[in-house]
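Here's final.cif, which has mmCIF, C-alpha atoms:
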```
data_target
#
loop_
_atom_site.label_atom_id
_atom_site.label_comp_id
_atom_site.auth_asym_id
_atom_site.auth_seq_id
_atom_site.Cartn_x
_atom_site.Cartn_y
_atom_site.Cartn_z
CA MET O 1 85.88 105.80 119.08
CA TYR O 2 84.49 108.49 116.78
CA GLU O 3 81.16 106.84 115.86
CA GLN O 4 79.02 108.60 118.45
CA PHE O 5 80.61 111.98 117.75
CA TYR O 6 79.71 111.74 114.05
CA GLY O 7 76.36 109.99 114.56
CA LEU O 8 77.44 106.68 113.02
CA ARG O 9 76.07 103.26 113.98
CA GLU O 10 79.46 101.68 113.34
CA ALA O 11 82.78 102.43 111.68
CA PRO O 12 82.02 102.98 107.96
CA PHE O 13 85.50 102.27 106.59
CA ALA O 14 86.50 98.96 108.14
CA LEU O 15 88.94 96.93 106.04
CA LEU O 16 87.14 93.58 106.30
CA PRO O 17 85.50 92.50 102.99
CA ASP O 18 81.92 92.98 104.21
CA PRO O 19 79.45 92.44 101.34
CA SER O 20 76.83 94.62 103.08
CA PHE O 21 79.07 97.62 102.28
CA LEU O 22 79.60 96.68 98.63
CA TYR O 23 79.50 99.70 96.35
CA LEU O 24 78.78 98.79 92.75
CA SER O 25 80.99 100.98 90.63
CA LYS O 26 80.83 100.36 86.89
CA ASP O 27 83.56 97.72 87.19
CA HIS O 28 82.19 96.06 90.31
CA GLY O 29 78.68 95.96 88.87
CA MET O 30 79.91 94.33 85.67
CA ALA O 31 82.08 91.82 87.56
CA LEU O 32 79.14 90.83 89.78
CA THR O 33 76.88 90.44 86.75
CA LEU O 34 79.45 88.23 85.03
CA LEU O 35 79.86 86.10 88.15
CA ARG O 36 76.10 85.60 88.34
CA TYR O 37 75.95 84.80 84.63
CA SER O 38 78.77 82.28 84.76
CA ILE O 39 77.23 80.41 87.69
CA LEU O 40 73.66 80.40 86.38
CA ASN O 41 74.81 79.25 82.93
CA LYS O 42 77.29 76.73 84.34
CA GLN O 43 80.31 78.06 82.49
CA GLY O 44 83.56 76.14 82.89
CA PHE O 45 86.09 78.74 84.05
CA THR O 46 85.64 82.30 85.30
CA VAL O 47 88.63 84.55 86.05
CA ILE O 48 88.39 87.85 87.94
CA THR O 49 91.53 89.93 88.49
CA GLY O 50 92.16 93.25 90.15
CA GLU O 51 94.72 95.29 92.00
CA VAL O 52 95.41 94.74 95.70
CA GLY O 53 92.50 96.18 97.67
CA SER O 54 90.20 96.59 94.67
CA GLY O 55 87.32 94.67 96.27
CA LYS O 56 87.68 91.19 94.76
CA THR O 57 87.04 89.30 98.00
CA THR O 58 84.06 91.51 98.81
CA LEU O 59 82.55 90.53 95.46
CA ILE O 60 83.16 86.86 96.21
CA ASN O 61 81.50 87.22 99.60
CA ARG O 62 78.49 88.88 97.97
CA ILE O 63 78.07 86.18 95.34
CA MET O 64 78.36 83.47 98.01
CA GLU O 65 75.53 85.13 99.93
CA GLU O 66 73.36 84.96 96.82
CA LEU O 67 73.91 81.31 95.94
CA ASP O 68 70.81 79.13 95.94
CA ASP O 69 70.50 75.89 97.88
CA ASP O 70 71.05 73.84 94.72
CA ILE O 71 74.63 75.11 94.48
CA THR O 72 77.37 73.37 96.45
CA VAL O 73 80.26 75.80 96.90
CA GLY O 74 83.81 75.26 98.09
CA LEU O 75 86.19 78.12 98.88
CA ILE O 76 89.98 78.14 98.94
CA ASN O 77 91.25 81.54 100.09
CA PHE O 78 94.74 80.72 101.25
CA THR O 79 97.33 80.04 98.57
CA HIS O 80 101.07 80.50 98.24
CA ASN O 81 103.91 78.82 96.42
CA SER O 82 104.34 76.11 99.07
CA PHE O 83 100.84 75.66 100.43
CA GLY O 84 100.86 71.95 99.66
CA GLU O 85 98.79 69.69 97.45
CA LEU O 86 95.91 71.47 95.77
CA SER O 87 93.80 68.31 95.74
CA GLU O 88 93.87 68.14 99.55
CA TRP O 89 92.68 71.74 99.82
CA VAL O 90 89.89 71.02 97.36
CA LEU O 91 88.57 68.11 99.42
CA MET O 92 88.83 70.17 102.60
CA ALA O 93 86.86 73.00 100.93
CA TYR O 94 83.91 70.60 100.60
CA GLY O 95 84.30 69.00 104.00
CA LEU O 96 85.62 65.73 102.54
CA GLU O 97 88.24 63.59 104.20
CA TYR O 98 91.72 64.04 102.69
CA ARG O 99 94.17 62.82 105.32
CA ASP O 100 96.39 59.78 104.68
CA LYS O 101 95.23 59.36 101.08
CA THR O 102 97.23 59.10 97.90
CA LYS O 103 96.69 61.60 95.08
CA VAL O 104 94.90 58.90 93.09
CA GLU O 105 92.55 58.17 96.00
CA ILE O 106 91.89 61.89 96.49
CA TYR O 107 91.10 62.38 92.82
CA ASP O 108 88.85 59.33 92.77
CA ASP O 109 86.97 60.55 95.85
CA PHE O 110 86.47 63.97 94.32
CA VAL O 111 85.15 62.56 91.04
CA LYS O 112 82.68 60.38 92.97
CA PHE O 113 81.63 63.49 94.94
CA LEU O 114 81.01 65.46 91.73
CA ILE O 115 78.99 62.64 90.18
CA GLU O 116 76.88 62.23 93.32
CA GLU O 117 76.20 65.98 93.56
CA TYR O 118 75.18 66.00 89.89
CA ARG O 119 72.86 63.05 90.50
CA LYS O 120 71.19 65.03 93.31
CA GLY O 121 70.73 68.04 91.05
CA GLN O 122 73.45 70.06 92.75
CA HIS O 123 75.75 72.40 90.80
CA VAL O 124 79.28 72.34 92.25
CA VAL O 125 81.28 75.57 92.30
CA LEU O 126 84.89 75.92 93.46
CA ILE O 127 86.18 79.43 94.21
CA ILE O 128 89.93 80.00 94.52
CA ASP O 129 90.80 83.43 95.91
CA GLU O 130 94.29 84.98 95.91
CA ALA O 131 95.17 82.68 93.02
CA GLN O 132 98.06 84.90 91.89
CA ASN O 133 100.19 82.90 94.34
CA MET O 134 99.68 79.69 92.39
CA GLY O 135 102.36 78.60 89.96
CA PRO O 136 101.79 77.08 86.50
CA ARG O 137 101.95 73.51 87.81
CA THR O 138 99.22 74.15 90.38
CA LEU O 139 97.07 76.01 87.86
CA GLU O 140 97.41 73.07 85.49
CA GLU O 141 96.08 70.87 88.32
CA VAL O 142 93.12 73.22 88.51
CA ARG O 143 92.45 72.59 84.82
CA MET O 144 92.57 68.84 85.35
CA LEU O 145 89.81 69.15 87.95
CA SER O 146 87.46 70.38 85.24
CA ASN O 147 87.90 67.31 83.02
CA VAL O 148 84.93 65.49 84.53
CA ASN O 149 81.86 66.17 82.39
CA ALA O 150 78.37 64.71 82.04
CA GLN O 151 77.26 64.92 78.42
CA LYS O 152 76.45 68.64 77.98
CA ASP O 153 77.22 69.78 81.54
CA TYR O 154 80.40 70.63 83.42
CA LEU O 155 80.33 68.87 86.78
CA LEU O 156 82.56 71.56 88.28
CA HIS O 157 82.48 75.31 87.75
CA LEU O 158 85.70 77.10 88.70
CA ILE O 159 85.99 80.76 89.71
CA ILE O 160 89.59 81.91 89.94
CA VAL O 161 90.28 85.29 91.55
CA GLY O 162 93.61 87.07 91.94
CA GLN O 163 95.83 90.06 91.46
CA PRO O 164 97.15 91.13 88.02
CA GLU O 165 100.04 88.66 88.34
CA LEU O 166 97.48 85.90 87.81
CA ARG O 167 96.67 87.29 84.37
CA ALA O 168 100.37 87.30 83.48
CA THR O 169 100.75 83.69 84.63
CA LEU O 170 97.73 82.57 82.62
CA GLN O 171 99.32 84.02 79.47
CA ARG O 172 102.20 81.55 79.67
CA PRO O 173 102.27 79.10 76.73
CA GLU O 174 102.12 76.00 78.94
CA LEU O 175 98.75 77.14 80.32
CA ARG O 176 97.04 77.65 76.97
CA GLN O 177 94.77 74.65 77.54
CA LEU O 178 93.48 76.32 80.68
CA THR O 179 93.05 79.78 79.17
CA GLN O 180 91.13 78.30 76.23
CA ARG O 181 88.53 77.11 78.74
CA VAL O 182 88.09 80.54 80.36
CA SER O 183 84.64 81.63 79.24
CA VAL O 184 84.37 84.72 81.47
CA PHE O 185 87.20 87.11 82.29
CA TYR O 186 87.09 90.56 83.87
CA HIS O 187 89.63 92.93 85.42
CA LEU O 188 88.70 95.35 88.21
CA GLY O 189 90.37 98.73 87.87
CA GLN O 190 90.60 101.59 90.36
CA LEU O 191 87.78 104.00 91.12
CA SER O 192 87.48 107.27 89.25
CA LEU O 193 87.08 110.45 91.31
CA VAL O 194 83.33 110.48 90.63
CA GLU O 195 83.10 106.87 91.79
CA ALA O 196 85.27 107.59 94.85
CA ARG O 197 82.87 110.33 95.96
CA ALA O 198 79.91 107.99 95.53
CA TYR O 199 81.84 105.22 97.31
CA VAL O 200 82.50 107.36 100.40
CA GLU O 201 78.90 108.58 100.46
CA HIS O 202 77.62 105.01 100.11
CA ARG O 203 79.61 103.72 103.06
CA LEU O 204 78.50 106.64 105.21
CA TYR O 205 74.89 105.98 104.22
CA CYS O 206 75.25 102.31 105.24
CA VAL O 207 75.97 103.36 108.84
CA GLY O 208 73.45 106.19 109.05
CA GLY O 209 75.94 109.00 108.53
CA ASP O 210 75.75 112.33 106.74
CA LYS O 211 76.82 111.87 103.12
CA ASN O 212 78.43 115.34 103.28
CA LEU O 213 80.65 114.43 106.23
CA PHE O 214 83.66 114.55 103.89
CA SER O 215 84.13 117.64 101.77
CA SER O 216 84.75 117.28 98.03
CA GLU O 217 88.28 118.60 98.56
CA ALA O 218 89.02 116.00 101.24
CA ILE O 219 87.74 113.16 99.05
CA GLU O 220 89.80 114.31 96.08
CA LYS O 221 92.98 114.47 98.17
CA ILE O 222 92.31 110.99 99.57
CA TRP O 223 91.49 109.61 96.12
CA GLN O 224 94.72 111.02 94.71
CA GLU O 225 96.80 109.47 97.49
CA ALA O 226 94.96 106.14 97.28
CA HIS O 227 95.23 105.98 93.47
CA GLY O 228 91.55 105.03 93.42
CA VAL O 229 92.05 101.78 95.40
CA PRO O 230 89.01 101.17 97.66
CA ARG O 231 90.95 99.56 100.52
CA VAL O 232 93.36 102.48 100.74
CA ILE O 233 90.46 104.94 100.53
CA ASN O 234 88.98 103.11 103.51
CA THR O 235 92.22 103.39 105.48
CA LEU O 236 92.63 107.09 104.79
CA CYS O 237 88.98 107.96 105.46
CA ASP O 238 89.05 106.04 108.74
CA LEU O 239 92.17 107.91 109.83
CA ALA O 240 90.62 111.20 108.77
CA LEU O 241 87.67 110.51 111.06
CA VAL O 242 90.04 109.82 113.94
CA TYR O 243 91.94 113.06 113.26
CA GLY O 244 88.68 114.99 112.90
CA PHE O 245 87.30 113.58 116.13
CA SER O 246 90.52 114.43 117.96
CA ALA O 247 90.26 118.04 116.77
CA SER O 248 86.46 118.20 117.39
CA LYS O 249 85.86 118.90 113.69
CA GLU O 250 82.21 118.59 112.69
CA PHE O 251 83.16 117.48 109.18
CA ILE O 252 86.28 116.33 107.36
CA ASP O 253 87.71 119.08 105.20
CA GLY O 254 90.82 119.34 103.06
CA ALA O 255 92.93 120.45 106.02
CA VAL O 256 92.15 117.26 107.95
CA ALA O 257 92.92 115.15 104.88
CA ASP O 258 96.23 117.00 104.44
CA GLU O 259 97.19 116.28 108.04
CA VAL O 260 96.54 112.56 107.57
CA LEU O 261 98.49 112.41 104.31
CA VAL O 262 101.45 114.38 105.67
CA ASP O 263 101.73 112.09 108.68
CA ARG O 264 101.58 108.98 106.49
CA SER O 265 104.22 110.42 104.20
CA ARG O 266 106.53 111.00 107.18
CA MET O 267 106.13 107.34 108.08
CA GLY O 268 106.93 106.28 104.52
CA LEU O 269 103.49 104.70 104.02
CA GLN O 270 102.72 105.69 100.47
CA VAL O 271 100.80 103.77 97.85
CA ALA O 272 102.64 102.52 94.79
CA PRO O 273 101.45 104.75 91.93
CA GLU O 274 99.11 103.58 89.20
CA PRO O 275 97.81 105.96 86.51
CA LEU O 276 94.68 107.68 87.76
CA ILE O 277 91.50 107.96 85.74
CA PRO O 278 90.32 111.40 84.60
CA ASP O 279 87.36 112.71 86.56
CA GLN O 280 85.13 113.35 83.54
CA PRO O 281 83.75 111.07 82.34
CA PRO O 282 84.06 108.09 84.72
CA ARG O 283 86.01 105.11 83.42
CA SER O 284 84.35 103.25 80.59
CA ASP O 285 86.73 100.55 79.37
#
```

In structure tokens, how does this file's structure come out?
Amino acid sequence: MYEQFYGLREAPFALLPDPSFLYLSKDHGMALTLLRYSILNKQGFTVITGEVGSGKTTLINRIMEELDDDITVGLINFTHNSFGELSEWVLMAYGLEYRDKTKVEIYDDFVKFLIEEYRKGQHVVLIIDEAQNMGPRTLEEVRMLSNVNAQKDYLLHLIIVGQPELRATLQRPELRQLTQRVSVFYHLGQLSLVEARAYVEHRLYCVGGDKNLFSSEAIEKIWQEAHGVPRVINTLCDLALVYGFSASKEFIDGAVADEVLVDRSRMGLQVAPEPLIPDQPPRSD
């Protein structure tokens, strides 16, 4: 709609977790490094948490793009409290037959699969996204999957990704055996104002746009409203481009940002507050 007007190849602030748009803030860069480390060094459990819209799935998509041919990866990205037997989803993630089998048969088939992949020199990785929806019983089943070892090697590497509720669940006493096996843990926070400016400029650059299309004032207003959450920044920037195009504005200034934020406020679409990070220096926890 507005792409041609602003000289953009495509919409720069789409909400889909496209790894080609990944901006490596301090947090995102560290999380990606830890994911690479955990896979290359065949760690047992890796846990990544972050607020809604913080870019967790985009990171997962990036790491999946990078995986070598000697890594067999399965992905479960749909979980909730009643999504059924975890073991069936695990087999389905690897394209294995799971229908009309008992839990014992499913477990036996999966163990045979792990042993065969290990024999072929394949490293098996299971990624569970949106894991905050999994209860303690299901998470304990996840731990049981990791019990198959071959001398010094884990036959299965687990990457568990979810919102902050996942961290709270993992702290429950009945899950201490699982948490003791977590070798890599990292939490994604929100973007600082400095990072938000770089984030907007990065996404504009990815589609051939002018990095100064948004004024500093507009970005700060959007960052404040979004509480530094990348997905919400995307939503507000996209709307700002629509409003700017409608008014034939050559760039997005503070007035355009104000119009977007006022209209969203009237609709009651405000972001739940989280403490924002001071602009100087950028976050360094």

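Atom pair atom CA of O:Pro12 / atom CA of O:Glu225: separated by 19.2 Å.
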
Under the PyMOL selection byres ((chain O and resi 237) around 10), which residues of this model are included? Write them out as a PDB file with C-alpha atoms, keeping the file's coordinate frame.
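That gives us result.pdb:
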```
ATOM      1  CA  PRO O  12      82.020 102.980 107.960  1.00  0.00           C
ATOM      2  CA  PHE O  13      85.500 102.270 106.590  1.00  0.00           C
ATOM      3  CA  ALA O  14      86.500  98.960 108.140  1.00  0.00           C
ATOM      4  CA  VAL O 200      82.500 107.360 100.400  1.00  0.00           C
ATOM      5  CA  PHE O 214      83.660 114.550 103.890  1.00  0.00           C
ATOM      6  CA  ALA O 218      89.020 116.000 101.240  1.00  0.00           C
ATOM      7  CA  ILE O 219      87.740 113.160  99.050  1.00  0.00           C
ATOM      8  CA  ILE O 222      92.310 110.990  99.570  1.00  0.00           C
ATOM      9  CA  TRP O 223      91.490 109.610  96.120  1.00  0.00           C
ATOM     10  CA  ARG O 231      90.950  99.560 100.520  1.00  0.00           C
ATOM     11  CA  VAL O 232      93.360 102.480 100.740  1.00  0.00           C
ATOM     12  CA  ILE O 233      90.460 104.940 100.530  1.00  0.00           C
ATOM     13  CA  ASN O 234      88.980 103.110 103.510  1.00  0.00           C
ATOM     14  CA  THR O 235      92.220 103.390 105.480  1.00  0.00           C
ATOM     15  CA  LEU O 236      92.630 107.090 104.790  1.00  0.00           C
ATOM     16  CA  ASP O 238      89.050 106.040 108.740  1.00  0.00           C
ATOM     17  CA  LEU O 239      92.170 107.910 109.830  1.00  0.00           C
ATOM     18  CA  ALA O 240      90.620 111.200 108.770  1.00  0.00           C
ATOM     19  CA  LEU O 241      87.670 110.510 111.060  1.00  0.00           C
ATOM     20  CA  VAL O 242      90.040 109.820 113.940  1.00  0.00           C
ATOM     21  CA  TYR O 243      91.940 113.060 113.260  1.00  0.00           C
ATOM     22  CA  ILE O 252      86.280 116.330 107.360  1.00  0.00           C
ATOM     23  CA  ALA O 257      92.920 115.150 104.880  1.00  0.00           C
ATOM     24  CA  VAL O 260      96.540 112.560 107.570  1.00  0.00           C
TER      25      VAL O 260
END
```

note - atom CA of O:Arg197 and atom CA of O:Met64 are separated by 27.3 Å

Target residues per the PyMOL selection byres ((chain O and resi 89) around 12), formatted as a PyMOL selection string: chain O and resi 74-79+83-88+90-99+103+106-107+110+126-128+138+142

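Using only C-alpha atoms for every distance, the candidate list O:Gly135, O:Gly268, O:Gly44, O:Pro230 yields O:Pro230 as the residue closest to O:Phe21.
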
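Surrounding residues of (81.9, 91.2, 96.3) at most 9 Å away are Pro17, Asp18, Pro19, Leu22, Tyr23, Leu24, His28, Ala31, Leu32, Gly55, Lys56, Thr57, Thr58, Leu59, Ile60, Asn61, Arg62, Ile63 and Met64 of chain O (based on all atoms listed in the file).
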
Using only C-alpha atoms, pick whichever of O:Lys221, O:Arg172, O:Lys112, O:His123 has the shortest atom-to-atom distance to O:Gln43. O:His123

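This file gives the following result for the PyMOL selection byres ((chain O and resi 177) around 12): Phe45, Pro136, Leu139, Glu140, Glu141, Val142, Arg143, Met144, Ser146, Asn147, Leu170, Gln171, Arg172, Pro173, Glu174, Leu175, Arg176, Leu178, Thr179, Gln180, Arg181 and Val182 of chain O.
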
Mind checking which residues fall within 12 Å of O:Tyr154, counting only C-alpha atoms, ignoring those fewer than 2 positions away in the same chain, and posting them as an NGL selection string? :O and (38-39 or 41-45 or 114-115 or 117-118 or 122-125 or 145-152 or 156-158 or 181)

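Across the model, the gap from atom CA of O:Leu155 to atom CA of O:Ile71 is 11.4 Å.
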
Pick from O:Gly228, O:Val47, O:Ser20, O:Gln4 nearest to O:Tyr205, counting all atoms listed in the file: O:Ser20

Go ahead and fit an axis-aligned box to every listed atom of stretch 166-171 of chain O plus 6 Å each side, and pass me the centre and edge lengths in Å, one decimal, as lines of an AutoDock Vina configuration file.
```
center_x = 98.7
center_y = 84.9
center_z = 83.6
size_x = 16.1
size_y = 16.7
size_z = 20.3
```

Using only C-alpha atoms, which residue out of O:Ala168, O:Val52, O:Leu213, O:Val229 lies closest to O:Leu193? O:Val229

Which residues, written as a tab-separated table (two decimals) with C-alpha atoms, in the coordinates of the input, have at least one atom at most 10 Å from O:Glu3, with only C-alpha atoms counted and residues fewer than 5 positions away on the same chain left out?
```
chain	number	residue	atom	x	y	z
O	8	LEU	CA	77.44	106.68	113.02
O	9	ARG	CA	76.07	103.26	113.98
O	10	GLU	CA	79.46	101.68	113.34
O	11	ALA	CA	82.78	102.43	111.68
O	12	PRO	CA	82.02	102.98	107.96
O	207	VAL	CA	75.97	103.36	108.84
O	209	GLY	CA	75.94	109.00	108.53
O	241	LEU	CA	87.67	110.51	111.06
O	242	VAL	CA	90.04	109.82	113.94
O	245	PHE	CA	87.30	113.58	116.13
```

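All protein, DNA and RNA residues at most 12 Å from (87.5, 89.8, 79.3) are Asp27, Met30, Ala31, Leu34, Thr46, Val47, Ile48, Thr49, Arg167, Thr179, Val182, Ser183, Val184, Phe185, Tyr186, His187, Leu188 and Asp285 of chain O, using only C-alpha atoms.
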